[in-house]
Amino acid sequence: MGDLPLDINIQRPRWDQSTFLGRARHFFTVTDPRNLLLSDDQLEASRNIVQNYRAGVATPGLTEDQLWRAKYVYDSAFHPDTGEKVVLIGRMSAQVPMNMTITGCMLTFYRQLGTAYVSATTGAVATALGLKSLTKHLPPLVGRFVPFAAVAAANCINIPLMRQRELQVGIPVTDEAGQRLGHSVTAAKQGIFQVVISRIGMAIPAMAIPPVIMNTLEKKDFLKRRPWLGAPLQVGLVGFCLVFATPLCCALFPQRSSIHVTRLEPELRAQIQAQNPSIEVAYYNKGL
């Protein structure tokens, strides 16, 4: 057995999650697209390191930095509850390349919004087409921001719909030690609101900065002579923005968020006060 102590808590993030900087460092690691390039052998090696350490066995010669690296590689590819490997496009490390492609295409082909949004939600379609009609007589730059409004509307509709069961039965809330106190719809609403804000925040740099740059570049002779460069350049700009926007906006709110007991439902509040009157704050996982 190596010299690495066995009391390192790898069940929680490496950095202090009570600060924005700590959360940002955590999510920069979680969303690192380079993890998508890891081979199956590298993923399995990381899983073995993590599982052995949790079982009280430290790999000989393993350093603390290597342990944390293995933990984040493991978290990036395997489901936290089932332990099964997540399909490639569903991993957090795929957020940037997947959104880069989708957002880049939306901005590049924004004039074909009607076709592009056939599979989107009704709210997003209505927002996009409605704003598109209103911006027909405005400068082209204004029209380029229509996709952002559609994405914001889609997030406001889709996330609550995907998590509607939580809005019906609530999400688990715990005390500071992690002991479950019950289920709360109020906490679910707060968590969903935080996720919607984070998702819209992610879209702002990627859908606001590239249109301004592209609107300027398209007036230059360089792009006029090489119009085929427009799409890859736009996608590249979006990707650059998302590399920073994704982890920073995920870090806007703590993953383990808190809510004052007085804001919980009367029944749950009474139950908590009956069990332990000293508890003033409950905690929940806001989701992603």
# chains A, B, ... in the order shown; residues from 1 in each chain; ligands from 1
$ residues_around --residues "A:Asp3" --least-positions-apart "3" --cutoff "8 Å" --atoms "only C-alpha atoms" --output "list in words"
Pro60, Gly61 and Leu62 of chain A
$ write_last_selection --atoms "N, CA and C atoms" --output "mmCIF file, in the first residue's frame"
data_model
loop_
_atom_site.group_PDB
_atom_site.id
_atom_site.type_symbol
_atom_site.label_atom_id
_atom_site.label_comp_id
_atom_site.auth_asym_id
_atom_site.auth_seq_id
_atom_site.Cartn_x
_atom_site.Cartn_y
_atom_site.Cartn_z
ATOM 1 N N PRO A 60 -0.609 1.440 -5.034
ATOM 2 C CA PRO A 60 0.784 1.735 -4.654
ATOM 3 C C PRO A 60 1.378 2.857 -5.500
ATOM 4 N N GLY A 61 2.018 3.816 -4.833
ATOM 5 C CA GLY A 61 2.674 4.913 -5.535
ATOM 6 C C GLY A 61 1.742 6.025 -5.979
ATOM 7 N N LEU A 62 0.455 5.900 -5.677
ATOM 8 C CA LEU A 62 -0.521 6.898 -6.107
ATOM 9 C C LEU A 62 -0.379 8.181 -5.297
#
$ residues_around --residues "A:Ala152" --least-positions-apart "2" --cutoff "9 Å" --atoms "only C-alpha atoms" --output "number ranges by chain"
A: 124, 147-150, 154-157, 196, 199-200, 203
$ closest_residue --among "A:Val169, A:Ile192, A:Leu288, A:Leu21" --to "A:Gln95" --atoms "only C-alpha atoms"
A:Leu288
$ residues_around --residues "stretch 163-166 of chain A" --least-positions-apart "2" --cutoff "12 Å" --atoms "only C-alpha atoms" --output "list in words"
Asn155, Cys156, Ile157, Asn158, Ile159, Pro160, Leu161, Gln168, Val169, Gly170, Ile171, Pro172, His183, Ser184, Val185, Thr186, Ala187, Ala188, Lys189, Gln190, Gly191, Ile192, Phe193, Val195, Val196, Asn285, Lys286, Gly287 and Leu288 of chain A
$ select_by_dssp --residues "stretch 135-208 of chain A" --states "strand (DSSP E or B)" --output "PDB file with C-alpha atoms, in the first residue's frame"
ATOM      1  CA  ILE A 171     -36.804  16.581  -4.329  1.00  0.00           C
ATOM      2  CA  PRO A 172     -34.948  15.173  -1.309  1.00  0.00           C
ATOM      3  CA  VAL A 173     -33.775  17.708   1.257  1.00  0.00           C
ATOM      4  CA  THR A 174     -31.221  16.891   3.926  1.00  0.00           C
ATOM      5  CA  ARG A 180     -32.697  13.034   4.636  1.00  0.00           C
ATOM      6  CA  LEU A 181     -35.445  15.221   6.065  1.00  0.00           C
ATOM      7  CA  GLY A 182     -38.108  14.696   3.423  1.00  0.00           C
ATOM      8  CA  HIS A 183     -39.144  15.891  -0.049  1.00  0.00           C
ATOM      9  CA  SER A 184     -39.844  19.494  -0.987  1.00  0.00           C
TER      10      SER A 184
END
$ residues_around --residues "stretch 234-242 of chain A" --least-positions-apart "5" --cutoff "8 Å" --atoms "only C-alpha atoms" --output "ChimeraX atom specification"
/A:96-97,99-101,103-105,107-108,202-203,205-207,210,214
$ closest_residue --among "A:Gly56, A:Pro13, A:Gly90, A:Pro266" --to "A:Arg69" --atoms "only C-alpha atoms"
A:Pro13
$ atom_distance --atom1 "atom CA of A:Glu280" --atom2 "atom CA of A:Ile259"
8.8 Å
$ closest_residue --among "A:Ala274, A:Val50, A:Leu248, A:Ile8" --to "A:Thr29" --atoms "only C-alpha atoms"
A:Leu248
$ atom_distance --atom1 "atom CA of A:Thr19" --atom2 "atom CA of A:Val86"
29.0 Å
$ residues_around --residues "A:Thr31" --least-positions-apart "4" --cutoff "6 Å" --atoms "only C-alpha atoms" --output "PyMOL selection string"
chain A and resi 27+92-93
$ closest_residue --among "A:Ile89, A:Leu223, A:Ala245, A:Val73" --to "A:Ala45" --atoms "only C-alpha atoms"
A:Val73
$ decode --residues "stretch 175-192 of chain A" --atoms "N, CA, C and O atoms" --output "PDB file, in the first residue's frame"
ATOM      1  N   ASP A 175     -30.236  17.469   6.036  1.00  0.00           N
ATOM      2  CA  ASP A 175     -29.583  18.397   6.959  1.00  0.00           C
ATOM      3  C   ASP A 175     -28.123  18.536   6.537  1.00  0.00           C
ATOM      4  O   ASP A 175     -27.696  17.967   5.527  1.00  0.00           O
ATOM      5  N   GLU A 176     -27.360  19.274   7.303  1.00  0.00           N
ATOM      6  CA  GLU A 176     -25.963  19.532   6.928  1.00  0.00           C
ATOM      7  C   GLU A 176     -25.139  18.259   6.861  1.00  0.00           C
ATOM      8  O   GLU A 176     -24.201  18.137   6.069  1.00  0.00           O
ATOM      9  N   ALA A 177     -25.500  17.270   7.659  1.00  0.00           N
ATOM     10  CA  ALA A 177     -24.765  16.009   7.691  1.00  0.00           C
ATOM     11  C   ALA A 177     -25.190  15.054   6.589  1.00  0.00           C
ATOM     12  O   ALA A 177     -24.603  13.983   6.429  1.00  0.00           O
ATOM     13  N   GLY A 178     -26.212  15.414   5.819  1.00  0.00           N
ATOM     14  CA  GLY A 178     -26.651  14.566   4.723  1.00  0.00           C
ATOM     15  C   GLY A 178     -27.806  13.651   5.066  1.00  0.00           C
ATOM     16  O   GLY A 178     -28.220  12.825   4.239  1.00  0.00           O
ATOM     17  N   GLN A 179     -28.358  13.774   6.267  1.00  0.00           N
ATOM     18  CA  GLN A 179     -29.493  12.945   6.670  1.00  0.00           C
ATOM     19  C   GLN A 179     -30.773  13.485   6.027  1.00  0.00           C
ATOM     20  O   GLN A 179     -31.079  14.663   6.142  1.00  0.00           O
ATOM     21  N   ARG A 180     -31.512  12.599   5.362  1.00  0.00           N
ATOM     22  CA  ARG A 180     -32.697  13.034   4.636  1.00  0.00           C
ATOM     23  C   ARG A 180     -33.791  13.501   5.590  1.00  0.00           C
ATOM     24  O   ARG A 180     -34.110  12.839   6.581  1.00  0.00           O
ATOM     25  N   LEU A 181     -34.384  14.647   5.244  1.00  0.00           N
ATOM     26  CA  LEU A 181     -35.445  15.221   6.065  1.00  0.00           C
ATOM     27  C   LEU A 181     -36.820  15.057   5.435  1.00  0.00           C
ATOM     28  O   LEU A 181     -37.833  15.136   6.121  1.00  0.00           O
ATOM     29  N   GLY A 182     -36.844  14.833   4.131  1.00  0.00           N
ATOM     30  CA  GLY A 182     -38.108  14.696   3.423  1.00  0.00           C
ATOM     31  C   GLY A 182     -37.976  15.170   1.989  1.00  0.00           C
ATOM     32  O   GLY A 182     -36.867  15.335   1.475  1.00  0.00           O
ATOM     33  N   HIS A 183     -39.127  15.411   1.327  1.00  0.00           N
ATOM     34  CA  HIS A 183     -39.144  15.891  -0.049  1.00  0.00           C
ATOM     35  C   HIS A 183     -39.835  17.249  -0.103  1.00  0.00           C
ATOM     36  O   HIS A 183     -40.832  17.466   0.581  1.00  0.00           O
ATOM     37  N   SER A 184     -39.294  18.145  -0.921  1.00  0.00           N
ATOM     38  CA  SER A 184     -39.844  19.494  -0.987  1.00  0.00           C
ATOM     39  C   SER A 184     -40.031  19.958  -2.425  1.00  0.00           C
ATOM     40  O   SER A 184     -39.093  19.914  -3.234  1.00  0.00           O
ATOM     41  N   VAL A 185     -41.241  20.399  -2.744  1.00  0.00           N
ATOM     42  CA  VAL A 185     -41.527  20.994  -4.050  1.00  0.00           C
ATOM     43  C   VAL A 185     -40.929  22.393  -4.121  1.00  0.00           C
ATOM     44  O   VAL A 185     -40.454  22.831  -5.170  1.00  0.00           O
ATOM     45  N   THR A 186     -40.929  23.102  -2.997  1.00  0.00           N
ATOM     46  CA  THR A 186     -40.354  24.446  -2.949  1.00  0.00           C
ATOM     47  C   THR A 186     -38.880  24.418  -3.302  1.00  0.00           C
ATOM     48  O   THR A 186     -38.392  25.252  -4.073  1.00  0.00           O
ATOM     49  N   ALA A 187     -38.150  23.451  -2.758  1.00  0.00           N
ATOM     50  CA  ALA A 187     -36.727  23.303  -3.083  1.00  0.00           C
ATOM     51  C   ALA A 187     -36.551  22.960  -4.559  1.00  0.00           C
ATOM     52  O   ALA A 187     -35.614  23.427  -5.207  1.00  0.00           O
ATOM     53  N   ALA A 188     -37.462  22.126  -5.083  1.00  0.00           N
ATOM     54  CA  ALA A 188     -37.399  21.769  -6.503  1.00  0.00           C
ATOM     55  C   ALA A 188     -37.560  23.006  -7.379  1.00  0.00           C
ATOM     56  O   ALA A 188     -36.829  23.201  -8.358  1.00  0.00           O
ATOM     57  N   LYS A 189     -38.516  23.850  -7.035  1.00  0.00           N
ATOM     58  CA  LYS A 189     -38.740  25.076  -7.812  1.00  0.00           C
ATOM     59  C   LYS A 189     -37.501  25.971  -7.782  1.00  0.00           C
ATOM     60  O   LYS A 189     -37.097  26.540  -8.801  1.00  0.00           O
ATOM     61  N   GLN A 190     -36.903  26.094  -6.609  1.00  0.00           N
ATOM     62  CA  GLN A 190     -35.720  26.937  -6.481  1.00  0.00           C
ATOM     63  C   GLN A 190     -34.561  26.363  -7.284  1.00  0.00           C
ATOM     64  O   GLN A 190     -33.836  27.091  -7.966  1.00  0.00           O
ATOM     65  N   GLY A 191     -34.381  25.038  -7.224  1.00  0.00           N
ATOM     66  CA  GLY A 191     -33.312  24.388  -7.963  1.00  0.00           C
ATOM     67  C   GLY A 191     -33.497  24.520  -9.465  1.00  0.00           C
ATOM     68  O   GLY A 191     -32.543  24.803 -10.210  1.00  0.00           O
ATOM     69  N   ILE A 192     -34.716  24.327  -9.945  1.00  0.00           N
ATOM     70  CA  ILE A 192     -35.003  24.437 -11.372  1.00  0.00           C
ATOM     71  C   ILE A 192     -34.775  25.870 -11.848  1.00  0.00           C
ATOM     72  O   ILE A 192     -34.218  26.097 -12.930  1.00  0.00           O
TER      73      ILE A 192
END
